[in-house]
>>> print(open('entry_10.txt').read())   # compact mmCIF, C-alpha atoms
# COMPACT_ATOMS: atom_id res chain seq x y z
CA GLY U 1 -14.88 -15.86 23.42
CA ALA U 2 -13.12 -18.50 21.36
CA GLY U 3 -14.88 -21.36 23.12
CA GLY U 4 -18.30 -19.88 22.50
CA VAL U 5 -17.60 -19.31 18.80
CA TRP U 6 -16.30 -22.87 18.43
CA ARG U 7 -19.29 -24.45 20.20
CA ALA U 8 -21.84 -22.39 18.28
CA LEU U 9 -20.34 -23.22 14.89
CA ARG U 10 -19.87 -26.89 15.76
CA GLN U 11 -23.37 -27.40 17.15
CA ALA U 12 -25.17 -25.61 14.31
CA PRO U 13 -22.79 -25.27 11.33
CA PRO U 14 -23.94 -22.51 8.98
CA GLY U 15 -23.71 -22.77 5.22
CA LEU U 16 -21.28 -19.86 5.31
CA LEU U 17 -19.77 -17.61 7.99
CA HIS U 18 -19.35 -13.88 7.26
CA THR U 19 -17.25 -12.00 9.82
CA HIS U 20 -16.94 -8.26 10.57
CA GLY U 21 -14.46 -6.76 13.04
CA TYR U 22 -11.03 -7.93 14.15
CA LYS U 23 -12.06 -10.20 17.05
CA ALA U 24 -14.90 -11.89 15.18
CA GLY U 25 -12.65 -12.20 12.14
CA ILE U 26 -9.73 -13.85 13.89
CA LEU U 27 -11.85 -16.30 15.88
CA GLY U 28 -14.34 -16.94 13.11
CA ARG U 29 -11.77 -17.64 10.39
CA CYS U 30 -9.81 -20.06 12.59
CA ALA U 31 -12.91 -21.97 13.68
CA ALA U 32 -14.40 -22.03 10.18
CA ARG U 33 -11.16 -23.37 8.69
CA LEU U 34 -10.97 -26.18 11.27
CA LEU U 35 -14.64 -27.09 10.82
CA GLY U 36 -14.64 -26.85 7.02
CA ILE U 37 -17.17 -24.00 6.91
CA PRO U 38 -16.88 -21.49 4.03
CA CYS U 39 -15.90 -18.08 5.38
CA VAL U 40 -15.93 -14.49 4.11
CA SER U 41 -14.37 -11.64 6.12
CA THR U 42 -15.03 -7.94 5.54
CA TYR U 43 -12.44 -5.40 6.68
CA HIS U 44 -13.84 -2.00 7.71
CA ALA U 45 -11.28 -0.32 9.96
CA GLY U 46 -9.06 2.34 8.42
CA GLU U 47 -7.57 3.86 11.57
CA THR U 48 -3.99 3.45 12.80
CA SER U 49 -4.00 1.40 16.01
CA ARG U 50 -1.66 1.48 19.01
CA GLY U 51 -0.67 -0.95 21.75
CA ARG U 52 -2.60 -4.17 22.13
CA LEU U 53 -5.14 -3.10 19.51
CA ALA U 54 -2.32 -2.75 16.97
CA LEU U 55 -1.34 -6.37 17.64
CA TYR U 56 -4.92 -7.57 17.17
CA THR U 57 -5.28 -5.49 14.00
CA ALA U 58 -2.09 -6.98 12.54
CA LEU U 59 -3.20 -10.51 13.42
CA ASP U 60 -6.58 -9.80 11.85
CA ARG U 61 -5.06 -8.56 8.58
CA TYR U 62 -2.40 -11.23 8.29
CA SER U 63 -4.83 -14.07 8.98
CA ALA U 64 -7.04 -13.03 6.05
CA PRO U 65 -5.95 -16.02 3.88
CA LEU U 66 -7.75 -18.33 6.32
CA ALA U 67 -11.01 -17.03 4.83
CA GLY U 68 -12.23 -18.21 1.47
CA ARG U 69 -12.67 -14.57 0.48
CA ALA U 70 -11.49 -11.34 2.14
CA LEU U 71 -13.23 -8.07 1.26
CA ALA U 72 -12.46 -4.44 2.14
CA VAL U 73 -14.60 -1.33 2.04
CA SER U 74 -11.86 0.87 0.54
CA PRO U 75 -8.69 0.42 -1.54
CA ARG U 76 -6.52 1.71 1.30
CA ILE U 77 -7.86 -0.91 3.70
CA ALA U 78 -7.53 -3.63 1.05
CA HIS U 79 -3.85 -2.70 0.60
CA GLY U 80 -3.16 -3.56 4.24
CA VAL U 81 -4.74 -7.04 4.08
CA LEU U 82 -2.56 -10.05 3.28
CA GLY U 83 -3.50 -11.73 0.01
CA PRO U 84 -6.18 -10.88 -2.58
CA CYS U 85 -8.82 -8.54 -1.16
CA PRO U 86 -11.44 -7.13 -3.55
CA VAL U 87 -13.16 -3.87 -2.60
CA MET U 88 -16.82 -4.32 -1.71
CA ASP U 89 -18.82 -1.24 -0.81
CA ASN U 90 -20.85 -1.14 2.38
CA PHE U 91 -24.56 -0.89 1.65
CA VAL U 92 -27.85 -0.06 3.31
CA THR U 93 -31.54 -0.59 2.68
CA LEU U 94 -33.28 2.50 1.35
CA PRO U 95 -36.01 3.54 3.81
CA ALA U 96 -39.48 4.08 2.40
CA GLN U 97 -39.76 7.47 4.10
CA VAL U 98 -37.17 10.23 3.99
CA GLY U 99 -36.39 12.48 6.93
CA SER U 100 -37.33 16.13 7.08
CA GLY U 101 -35.58 17.17 10.28
CA GLY U 102 -33.24 20.11 10.68
CA GLU U 103 -30.71 18.99 13.31
CA ILE U 104 -27.02 19.55 12.65
CA ALA U 105 -25.47 16.40 14.09
CA PHE U 106 -22.46 14.16 14.59
CA VAL U 107 -23.06 10.41 14.84
CA GLY U 108 -20.25 8.09 15.89
CA ARG U 109 -17.63 7.07 18.40
CA LEU U 110 -16.18 9.87 20.48
CA SER U 111 -12.53 9.19 19.71
CA HIS U 112 -9.66 11.11 18.15
CA GLU U 113 -9.88 9.48 14.71
CA LYS U 114 -13.54 10.47 14.37
CA GLY U 115 -12.77 14.18 14.89
CA ALA U 116 -15.57 14.90 17.37
CA ASP U 117 -13.33 17.53 18.98
CA LEU U 118 -13.73 19.68 15.87
CA LEU U 119 -17.43 20.02 16.63
CA ILE U 120 -16.55 22.04 19.71
CA GLU U 121 -14.67 24.55 17.59
CA LEU U 122 -17.44 24.58 14.98
CA ALA U 123 -20.16 25.10 17.59
CA THR U 124 -18.13 27.99 19.02
CA ARG U 125 -17.96 29.61 15.58
CA PHE U 126 -21.74 29.25 15.06
CA PRO U 127 -23.21 30.19 18.45
CA VAL U 128 -26.69 30.76 17.02
CA GLN U 129 -26.93 27.19 15.69
CA THR U 130 -27.64 24.13 17.85
CA PHE U 131 -25.43 21.06 17.37
CA HIS U 132 -26.26 17.50 18.41
CA LEU U 133 -23.82 14.72 19.17
CA TYR U 134 -24.98 11.08 19.17
CA GLY U 135 -22.48 8.53 20.42
CA ASP U 136 -20.09 7.67 23.21
CA GLY U 137 -16.42 6.86 23.58
CA PRO U 138 -13.15 7.56 25.38
CA GLU U 139 -13.23 11.32 24.73
CA ARG U 140 -16.76 11.88 26.10
CA ALA U 141 -15.69 13.43 29.41
CA ALA U 142 -13.03 15.69 27.90
CA LEU U 143 -15.37 16.89 25.17
CA SER U 144 -18.21 17.56 27.58
CA ALA U 145 -15.93 19.66 29.77
CA ARG U 146 -15.03 21.94 26.83
CA ALA U 147 -18.32 22.02 24.95
CA PRO U 148 -20.23 25.30 24.51
CA CYS U 149 -23.88 25.44 25.55
CA ASN U 150 -25.13 25.02 21.97
CA LEU U 151 -23.60 21.51 21.67
CA HIS U 152 -25.84 18.80 23.12
CA PHE U 153 -24.64 15.27 23.99
CA HIS U 154 -27.24 12.52 23.58
CA GLY U 155 -25.03 9.47 24.21
CA ALA U 156 -25.14 6.12 22.44
CA GLN U 157 -28.46 5.32 20.77
CA ALA U 158 -30.13 1.92 20.91
CA GLU U 159 -32.00 2.54 17.65
CA MET U 160 -30.70 5.11 15.17
CA ALA U 161 -33.69 4.53 12.87
CA GLU U 162 -35.67 6.74 15.26
CA VAL U 163 -32.99 9.45 15.23
CA TRP U 164 -32.13 9.81 11.53
CA PRO U 165 -35.42 11.54 10.56
CA ARG U 166 -34.55 14.35 12.98
CA ILE U 167 -31.17 15.06 11.37
CA GLY U 168 -30.96 17.51 8.49
CA LEU U 169 -27.16 17.60 8.13
CA LEU U 170 -24.52 15.08 9.25
CA LEU U 171 -21.04 16.29 10.19
CA MET U 172 -18.28 13.70 9.77
CA PRO U 173 -14.90 15.43 10.34
CA SER U 174 -13.01 12.13 10.63
CA ARG U 175 -9.25 11.90 10.55
CA GLN U 176 -9.42 8.26 9.42
CA GLU U 177 -12.25 6.22 7.89
CA GLY U 178 -13.14 3.32 5.64
CA LEU U 179 -16.67 3.67 4.27
CA PRO U 180 -18.73 4.64 7.34
CA MET U 181 -22.21 3.22 7.68
CA ALA U 182 -23.37 6.47 9.31
CA ALA U 183 -22.74 8.36 6.07
CA LEU U 184 -24.65 5.75 4.04
CA GLU U 185 -27.58 5.66 6.48
CA ALA U 186 -27.80 9.46 6.52
CA MET U 187 -27.74 9.83 2.75
CA ALA U 188 -30.29 7.03 2.34
CA GLN U 189 -32.61 9.21 4.45
CA GLY U 190 -31.90 12.17 2.19
CA THR U 191 -29.55 13.77 4.73
CA PRO U 192 -26.45 15.34 3.15
CA VAL U 193 -23.04 14.87 4.77
CA ILE U 194 -20.10 17.20 5.33
CA ALA U 195 -17.14 14.81 5.55
CA SER U 196 -13.36 14.71 5.46
CA GLN U 197 -11.60 13.52 2.32
CA VAL U 198 -10.57 10.18 3.83
CA GLY U 199 -11.12 6.50 3.07
CA ALA U 200 -13.80 5.84 0.47
CA LEU U 201 -15.81 8.98 1.29
CA PRO U 202 -14.66 10.76 -1.92
CA THR U 203 -16.33 7.97 -3.93
CA LEU U 204 -19.58 8.57 -2.05
CA ILE U 205 -19.78 12.36 -1.84
CA THR U 206 -19.51 14.95 -4.59
CA SER U 207 -19.00 18.41 -3.09
CA GLY U 208 -21.87 20.78 -3.69
CA GLU U 209 -23.98 18.07 -5.32
CA ASN U 210 -24.94 15.61 -2.56
CA GLY U 211 -22.84 16.93 0.34
CA TRP U 212 -19.39 18.42 0.89
CA LEU U 213 -15.83 17.10 1.26
CA THR U 214 -13.24 19.00 3.27
CA PRO U 215 -9.51 18.50 3.94
CA VAL U 216 -8.78 16.57 7.14
CA GLY U 217 -8.76 18.86 10.18
CA ASP U 218 -9.53 21.99 8.15
CA LEU U 219 -11.90 23.93 10.40
CA ASP U 220 -12.23 26.80 7.94
CA ALA U 221 -13.37 24.43 5.21
CA LEU U 222 -15.85 22.78 7.59
CA ALA U 223 -17.24 26.18 8.52
CA ALA U 224 -17.53 27.20 4.85
CA ALA U 225 -19.41 23.99 3.99
CA LEU U 226 -21.76 24.48 6.93
CA SER U 227 -22.38 28.07 5.85
CA SER U 228 -23.22 26.79 2.36
CA TRP U 229 -25.84 24.43 3.77
CA LEU U 230 -27.28 27.08 6.08
CA GLY U 231 -27.57 29.45 3.11
CA LEU U 232 -29.66 27.07 1.02
CA GLY U 233 -33.35 27.71 0.63
CA VAL U 234 -36.05 25.05 0.77
CA GLU U 235 -35.64 24.05 -2.87
CA GLY U 236 -31.85 23.92 -2.58
CA ARG U 237 -32.00 21.60 0.42
CA ARG U 238 -34.61 19.46 -1.28
CA ALA U 239 -32.39 19.04 -4.35
CA LEU U 240 -29.38 18.18 -2.18
CA ALA U 241 -31.41 15.59 -0.27
CA ALA U 242 -32.66 13.99 -3.48
CA ALA U 243 -29.12 13.78 -4.86
CA ALA U 244 -27.84 12.17 -1.65
CA ARG U 245 -30.56 9.53 -1.72
CA ALA U 246 -30.06 8.91 -5.45
CA ARG U 247 -26.36 8.25 -4.86
CA ILE U 248 -27.19 5.52 -2.36
CA ALA U 249 -29.81 4.00 -4.65
CA ALA U 250 -27.37 3.84 -7.56
CA ARG U 251 -24.40 2.20 -5.82
CA TYR U 252 -24.78 1.62 -2.09
CA SER U 253 -28.21 0.02 -1.70
CA SER U 254 -28.94 -3.60 -0.84
CA GLN U 255 -30.68 -3.95 -4.21
CA THR U 256 -27.45 -3.20 -6.10
CA GLN U 257 -24.90 -4.79 -3.75
CA ILE U 258 -26.45 -8.08 -2.58
CA PRO U 259 -26.04 -9.75 -6.01
CA ARG U 260 -22.31 -8.84 -5.88
CA LEU U 261 -22.07 -10.17 -2.33
CA LEU U 262 -23.63 -13.47 -3.36
CA GLU U 263 -20.96 -13.80 -6.05
CA HIS U 264 -18.28 -13.47 -3.38
CA TYR U 265 -20.07 -16.07 -1.26
CA ARG U 266 -20.02 -18.53 -4.13
CA ALA U 267 -16.34 -17.81 -4.74
CA ALA U 268 -15.68 -18.66 -1.07
CA GLY U 269 -17.25 -22.10 -1.50
CA TRP U 270 -20.85 -21.52 -0.44
>>> encode(input="entry_10.txt", output="structure tokens")
Amino acid sequence: GAGGVWRALRQAPPGLLHTHGYKAGILGRCAARLLGIPCVSTYHAGETSRGRLALYTALDRYSAPLAGRALAVSPRIAHGVLGPCPVMDNFVTLPAQVGSGGEIAFVGRLSHEKGADLLIELATRFPVQTFHLYGDGPERAALSARAPCNLHFHGAQAEMAEVWPRIGLLLMPSRQEGLPMAALEAMAQGTPVIASQVGALPTLITSGENGWLTPVGDLDALAAALSSWLGLGVEGRRALAAAARARIAARYSSQTQIPRLLEHYRAAGW
């Protein structure tokens, strides 16, 4: 809570505070401003909120000027933040080993904006294939009740690093996104992604080269992309995996992005 954030920052002031998420952002920016601690806030959420969450989201975005520097993971998200907000890509560390698994999987929150319900329709269209769903959320019970027998629910995972090597193709039929870490982590492993054309995903994925992009909610396009992947031979899948990993190495790796992040830290007063 607010008291805990205040006490922690006051007792052991950091050289700089970097916040992620609306609650951490609101509390962290206020406390950092009062204590004179440089602060950077990254905005990730691209979904449209309702009810109390909409109020928190608005407060989060309109309190951005309290930070020394606000960053967003996509231009659309940056547009909704009050004041200057440069776009800063999410990034991951490239693993030394690449995965060689063959699972067709969804990884993420089981909620409407993530499009997990479309996996039920996709699994029904491809009854011979086995689909895996990693994650939990408010739609878990409803999805489980409708799911065909070839769709397996594994729940939330404590350590995805152990799961990624098993996944050969990631399905991300989101209705709203920023720049999802799941897509970056998958591609860093050499796992191609079939994703909706939302958020910053079109800057990450080039259809047919390192994955596929499909119109939001277009089940036929999802099915066609999946058929394309299933039809690839060993060499075709190997080339796709190499292209996915190369895309991360070129733009979304810690080696390329940390120097840019340090520049933003210095601009914030670090």
>>> closest_residue(input="entry_10.txt", among="U:Gly190, U:Gly1, U:Gly269, U:Pro127", to="Arg33 in chain U", atoms="all atoms listed in the file")
U:Gly269
>>> closest_residue(input="entry_10.txt", among="U:Ala186, U:Ala195, U:Leu122, U:Ala147", to="Ser227 in chain U", atoms="only C-alpha atoms")
U:Leu122
>>> residues_around(input="entry_10.txt", residues="Pro65 in chain U", least_positions_apart="4", cutoff="8 Å", atoms="all atoms listed in the file", output="list in words")
Arg69, Ala70, Leu82 and Gly83 of chain U
>>> write_last_selection(input="entry_10.txt", atoms="C-alpha atoms", output="mmCIF file, in the frame of the given file")
data_model
loop_
_atom_site.group_PDB
_atom_site.id
_atom_site.type_symbol
_atom_site.label_atom_id
_atom_site.label_comp_id
_atom_site.auth_asym_id
_atom_site.auth_seq_id
_atom_site.Cartn_x
_atom_site.Cartn_y
_atom_site.Cartn_z
ATOM 1 C CA ARG U 69 -12.670 -14.570 0.480
ATOM 2 C CA ALA U 70 -11.490 -11.340 2.140
ATOM 3 C CA LEU U 82 -2.560 -10.050 3.280
ATOM 4 C CA GLY U 83 -3.500 -11.730 0.010
#
>>> atom_distance(input="entry_10.txt", atom1="CA of Leu34 in chain U", atom2="CA of Leu16 in chain U")
13.5 Å
>>> residues_around(input="entry_10.txt", residues="Ala158 in chain U", least_positions_apart="4", cutoff="12 Å", atoms="only C-alpha atoms", output="PyMOL selection string")
chain U and resi 134-136+154+162-163
>>> closest_residue(input="entry_10.txt", among="U:Ile77, U:Ala267, U:Cys85, U:Leu262", to="Ala200 in chain U", atoms="only C-alpha atoms")
U:Ile77
>>> closest_residue(input="entry_10.txt", among="U:Gly4, U:Pro192, U:Gly108, U:Pro13", to="Arg245 in chain U", atoms="only C-alpha atoms")
U:Pro192
>>> axis_aligned_box(input="entry_10.txt", around="range 232-245 of chain U", padding_each_side="5 Å", output="AutoDock Vina command-line options")
--center_x -31.9 --center_y 18.6 --center_z -1.9 --size_x 18.2 --size_y 28.2 --size_z 15.9
>>> residues_around(input="entry_10.txt", residues="range 20-22 of chain U", least_positions_apart="3", cutoff="8 Å", atoms="all atoms listed in the file", output="list in words")
Gly25, Ile26, Ser41, Thr42, Tyr43, His44, Ala45, Tyr56, Thr57 and Asp60 of chain U
>>> residues_near_point(input="entry_10.txt", point="(-2.1, -7.4, 13.9)", cutoff="12 Å", atoms="all atoms listed in the file", output="tab-separated table (two decimals) with C-alpha atoms, in the frame of the given file")
chain	number	residue	atom	x	y	z
U	22	TYR	CA	-11.03	-7.93	14.15
U	23	LYS	CA	-12.06	-10.20	17.05
U	25	GLY	CA	-12.65	-12.20	12.14
U	26	ILE	CA	-9.73	-13.85	13.89
U	48	THR	CA	-3.99	3.45	12.80
U	49	SER	CA	-4.00	1.40	16.01
U	50	ARG	CA	-1.66	1.48	19.01
U	51	GLY	CA	-0.67	-0.95	21.75
U	52	ARG	CA	-2.60	-4.17	22.13
U	53	LEU	CA	-5.14	-3.10	19.51
U	54	ALA	CA	-2.32	-2.75	16.97
U	55	LEU	CA	-1.34	-6.37	17.64
U	56	TYR	CA	-4.92	-7.57	17.17
U	57	THR	CA	-5.28	-5.49	14.00
U	58	ALA	CA	-2.09	-6.98	12.54
U	59	LEU	CA	-3.20	-10.51	13.42
U	60	ASP	CA	-6.58	-9.80	11.85
U	61	ARG	CA	-5.06	-8.56	8.58
U	62	TYR	CA	-2.40	-11.23	8.29
U	63	SER	CA	-4.83	-14.07	8.98
U	64	ALA	CA	-7.04	-13.03	6.05
U	80	GLY	CA	-3.16	-3.56	4.24
U	81	VAL	CA	-4.74	-7.04	4.08
U	82	LEU	CA	-2.56	-10.05	3.28
>>> closest_residue(input="entry_10.txt", among="U:Met88, U:Ala105, U:Ala32, U:Leu179", to="Gly199 in chain U", atoms="all atoms listed in the file")
U:Leu179
>>> residues_near_point(input="entry_10.txt", point="(-36.1, 21.9, 9.4)", cutoff="9 Å", atoms="only C-alpha atoms", output="PyMOL selection string")
chain U and resi 100-103+166-168
>>> closest_residue(input="entry_10.txt", among="U:Asn90, U:Gln257, U:Gln97, U:Gln157", to="Pro180 in chain U", atoms="all atoms listed in the file")
U:Asn90
>>> atom_distance(input="entry_10.txt", atom1="CA of Ala241 in chain U", atom2="CA of Ser207 in chain U")
13.0 Å
>>> atom_distance(input="entry_10.txt", atom1="CA of Arg109 in chain U", atom2="CA of Leu171 in chain U")
12.8 Å
>>> residues_around(input="entry_10.txt", residues="Leu226 in chain U", least_positions_apart="6", cutoff="12 Å", atoms="all atoms listed in the file", output="list in words")
Ile104, Ala105, Leu119, Leu122, Ala123, Arg125, Phe126, Gln129, Phe131, Gly168, Leu169, Leu170, Leu171, Met172, Pro173, Pro192, Val193, Ile194, Ala195, Gly208, Gly211, Trp212, Leu213, Thr214, Leu219, Asp220 and Leu232 of chain U
>>> residues_around(input="entry_10.txt", residues="Val40 in chain U", least_positions_apart="2", cutoff="7 Å", atoms="all atoms listed in the file", output="list in words")
Leu17, His18, Thr19, Thr42, Ala67, Gly68, Arg69, Ala70, Tyr265 and Ala268 of chain U
>>> write_last_selection(input="entry_10.txt", atoms="C-alpha atoms", output="PDB file, in the frame of the given file")
ATOM      1  CA  LEU U  17     -19.770 -17.610   7.990  1.00  0.00           C
ATOM      2  CA  HIS U  18     -19.350 -13.880   7.260  1.00  0.00           C
ATOM      3  CA  THR U  19     -17.250 -12.000   9.820  1.00  0.00           C
ATOM      4  CA  THR U  42     -15.030  -7.940   5.540  1.00  0.00           C
ATOM      5  CA  ALA U  67     -11.010 -17.030   4.830  1.00  0.00           C
ATOM      6  CA  GLY U  68     -12.230 -18.210   1.470  1.00  0.00           C
ATOM      7  CA  ARG U  69     -12.670 -14.570   0.480  1.00  0.00           C
ATOM      8  CA  ALA U  70     -11.490 -11.340   2.140  1.00  0.00           C
ATOM      9  CA  TYR U 265     -20.070 -16.070  -1.260  1.00  0.00           C
ATOM     10  CA  ALA U 268     -15.680 -18.660  -1.070  1.00  0.00           C
TER      11      ALA U 268
END
>>> build_atoms(input="entry_10.txt", residues="range 67-91 of chain U", atoms="N, CA, C and O atoms", output="mmCIF file, keeping the file's coordinate frame")
data_model
loop_
_atom_site.group_PDB
_atom_site.id
_atom_site.type_symbol
_atom_site.label_atom_id
_atom_site.label_comp_id
_atom_site.auth_asym_id
_atom_site.auth_seq_id
_atom_site.Cartn_x
_atom_site.Cartn_y
_atom_site.Cartn_z
ATOM 1 N N ALA U 67 -9.649 -17.148 5.380
ATOM 2 C CA ALA U 67 -11.010 -17.030 4.830
ATOM 3 C C ALA U 67 -10.992 -17.416 3.359
ATOM 4 O O ALA U 67 -9.984 -17.270 2.665
ATOM 5 N N GLY U 68 -12.124 -17.900 2.886
ATOM 6 C CA GLY U 68 -12.230 -18.210 1.470
ATOM 7 C C GLY U 68 -12.225 -16.963 0.612
ATOM 8 O O GLY U 68 -11.825 -16.980 -0.551
ATOM 9 N N ARG U 69 -12.659 -15.826 1.188
ATOM 10 C CA ARG U 69 -12.670 -14.570 0.480
ATOM 11 C C ARG U 69 -12.578 -13.433 1.509
ATOM 12 O O ARG U 69 -13.370 -13.393 2.450
ATOM 13 N N ALA U 70 -11.608 -12.546 1.325
ATOM 14 C CA ALA U 70 -11.490 -11.340 2.140
ATOM 15 C C ALA U 70 -11.956 -10.155 1.310
ATOM 16 O O ALA U 70 -11.633 -10.055 0.122
ATOM 17 N N LEU U 71 -12.717 -9.255 1.932
ATOM 18 C CA LEU U 71 -13.230 -8.070 1.260
ATOM 19 C C LEU U 71 -12.863 -6.839 2.091
ATOM 20 O O LEU U 71 -12.721 -6.934 3.306
ATOM 21 N N ALA U 72 -12.725 -5.702 1.442
ATOM 22 C CA ALA U 72 -12.460 -4.440 2.140
ATOM 23 C C ALA U 72 -13.379 -3.366 1.605
ATOM 24 O O ALA U 72 -13.808 -3.424 0.449
ATOM 25 N N VAL U 73 -13.657 -2.370 2.447
ATOM 26 C CA VAL U 73 -14.600 -1.330 2.040
ATOM 27 C C VAL U 73 -13.910 -0.142 1.367
ATOM 28 O O VAL U 73 -14.590 0.797 0.931
ATOM 29 N N SER U 74 -12.574 -0.169 1.275
ATOM 30 C CA SER U 74 -11.860 0.870 0.540
ATOM 31 C C SER U 74 -10.535 0.327 0.043
ATOM 32 O O SER U 74 -10.002 -0.628 0.622
ATOM 33 N N PRO U 75 -9.977 0.891 -1.036
ATOM 34 C CA PRO U 75 -8.690 0.420 -1.540
ATOM 35 C C PRO U 75 -7.572 0.516 -0.518
ATOM 36 O O PRO U 75 -6.695 -0.356 -0.459
ATOM 37 N N ARG U 76 -7.570 1.554 0.294
ATOM 38 C CA ARG U 76 -6.520 1.710 1.300
ATOM 39 C C ARG U 76 -6.552 0.573 2.312
ATOM 40 O O ARG U 76 -5.515 0.035 2.703
ATOM 41 N N ILE U 77 -7.732 0.195 2.753
ATOM 42 C CA ILE U 77 -7.860 -0.910 3.700
ATOM 43 C C ILE U 77 -7.470 -2.216 3.025
ATOM 44 O O ILE U 77 -6.774 -3.052 3.608
ATOM 45 N N ALA U 78 -7.879 -2.407 1.782
ATOM 46 C CA ALA U 78 -7.530 -3.630 1.050
ATOM 47 C C ALA U 78 -6.018 -3.777 0.918
ATOM 48 O O ALA U 78 -5.480 -4.890 0.987
ATOM 49 N N HIS U 79 -5.314 -2.666 0.757
ATOM 50 C CA HIS U 79 -3.850 -2.700 0.600
ATOM 51 C C HIS U 79 -3.163 -3.257 1.841
ATOM 52 O O HIS U 79 -2.087 -3.856 1.741
ATOM 53 N N GLY U 80 -3.780 -3.086 3.019
ATOM 54 C CA GLY U 80 -3.160 -3.560 4.240
ATOM 55 C C GLY U 80 -3.498 -4.994 4.603
ATOM 56 O O GLY U 80 -3.015 -5.507 5.612
ATOM 57 N N VAL U 81 -4.326 -5.665 3.800
ATOM 58 C CA VAL U 81 -4.740 -7.040 4.080
ATOM 59 C C VAL U 81 -3.859 -8.006 3.295
ATOM 60 O O VAL U 81 -3.591 -7.796 2.113
ATOM 61 N N LEU U 82 -3.409 -9.066 3.943
ATOM 62 C CA LEU U 82 -2.560 -10.050 3.280
ATOM 63 C C LEU U 82 -3.361 -10.859 2.273
ATOM 64 O O LEU U 82 -4.421 -11.399 2.586
ATOM 65 N N GLY U 83 -2.853 -10.936 1.049
ATOM 66 C CA GLY U 83 -3.500 -11.730 0.010
ATOM 67 C C GLY U 83 -4.518 -10.939 -0.779
ATOM 68 O O GLY U 83 -4.750 -9.752 -0.519
ATOM 69 N N PRO U 84 -5.166 -11.570 -1.761
ATOM 70 C CA PRO U 84 -6.180 -10.880 -2.580
ATOM 71 C C PRO U 84 -7.320 -10.371 -1.710
ATOM 72 O O PRO U 84 -7.805 -11.068 -0.821
ATOM 73 N N CYS U 85 -7.748 -9.138 -1.976
ATOM 74 C CA CYS U 85 -8.820 -8.540 -1.160
ATOM 75 C C CYS U 85 -9.608 -7.557 -2.010
ATOM 76 O O CYS U 85 -9.301 -6.364 -2.048
ATOM 77 N N PRO U 86 -10.629 -8.029 -2.737
ATOM 78 C CA PRO U 86 -11.440 -7.130 -3.550
ATOM 79 C C PRO U 86 -12.140 -6.074 -2.688
ATOM 80 O O PRO U 86 -12.408 -6.296 -1.506
ATOM 81 N N VAL U 87 -12.414 -4.925 -3.278
ATOM 82 C CA VAL U 87 -13.160 -3.870 -2.600
ATOM 83 C C VAL U 87 -14.648 -4.107 -2.805
ATOM 84 O O VAL U 87 -15.107 -4.294 -3.931
ATOM 85 N N MET U 88 -15.368 -4.123 -1.703
ATOM 86 C CA MET U 88 -16.820 -4.320 -1.710
ATOM 87 C C MET U 88 -17.452 -3.214 -0.882
ATOM 88 O O MET U 88 -17.202 -3.103 0.309
ATOM 89 N N ASP U 89 -18.230 -2.360 -1.520
ATOM 90 C CA ASP U 89 -18.820 -1.240 -0.810
ATOM 91 C C ASP U 89 -19.782 -1.698 0.286
ATOM 92 O O ASP U 89 -20.499 -2.683 0.122
ATOM 93 N N ASN U 90 -19.771 -0.973 1.419
ATOM 94 C CA ASN U 90 -20.850 -1.140 2.380
ATOM 95 C C ASN U 90 -22.170 -0.752 1.702
ATOM 96 O O ASN U 90 -22.178 -0.013 0.717
ATOM 97 N N PHE U 91 -23.264 -1.243 2.244
ATOM 98 C CA PHE U 91 -24.560 -0.890 1.650
ATOM 99 C C PHE U 91 -25.635 -0.865 2.713
ATOM 100 O O PHE U 91 -25.475 -1.423 3.813
#
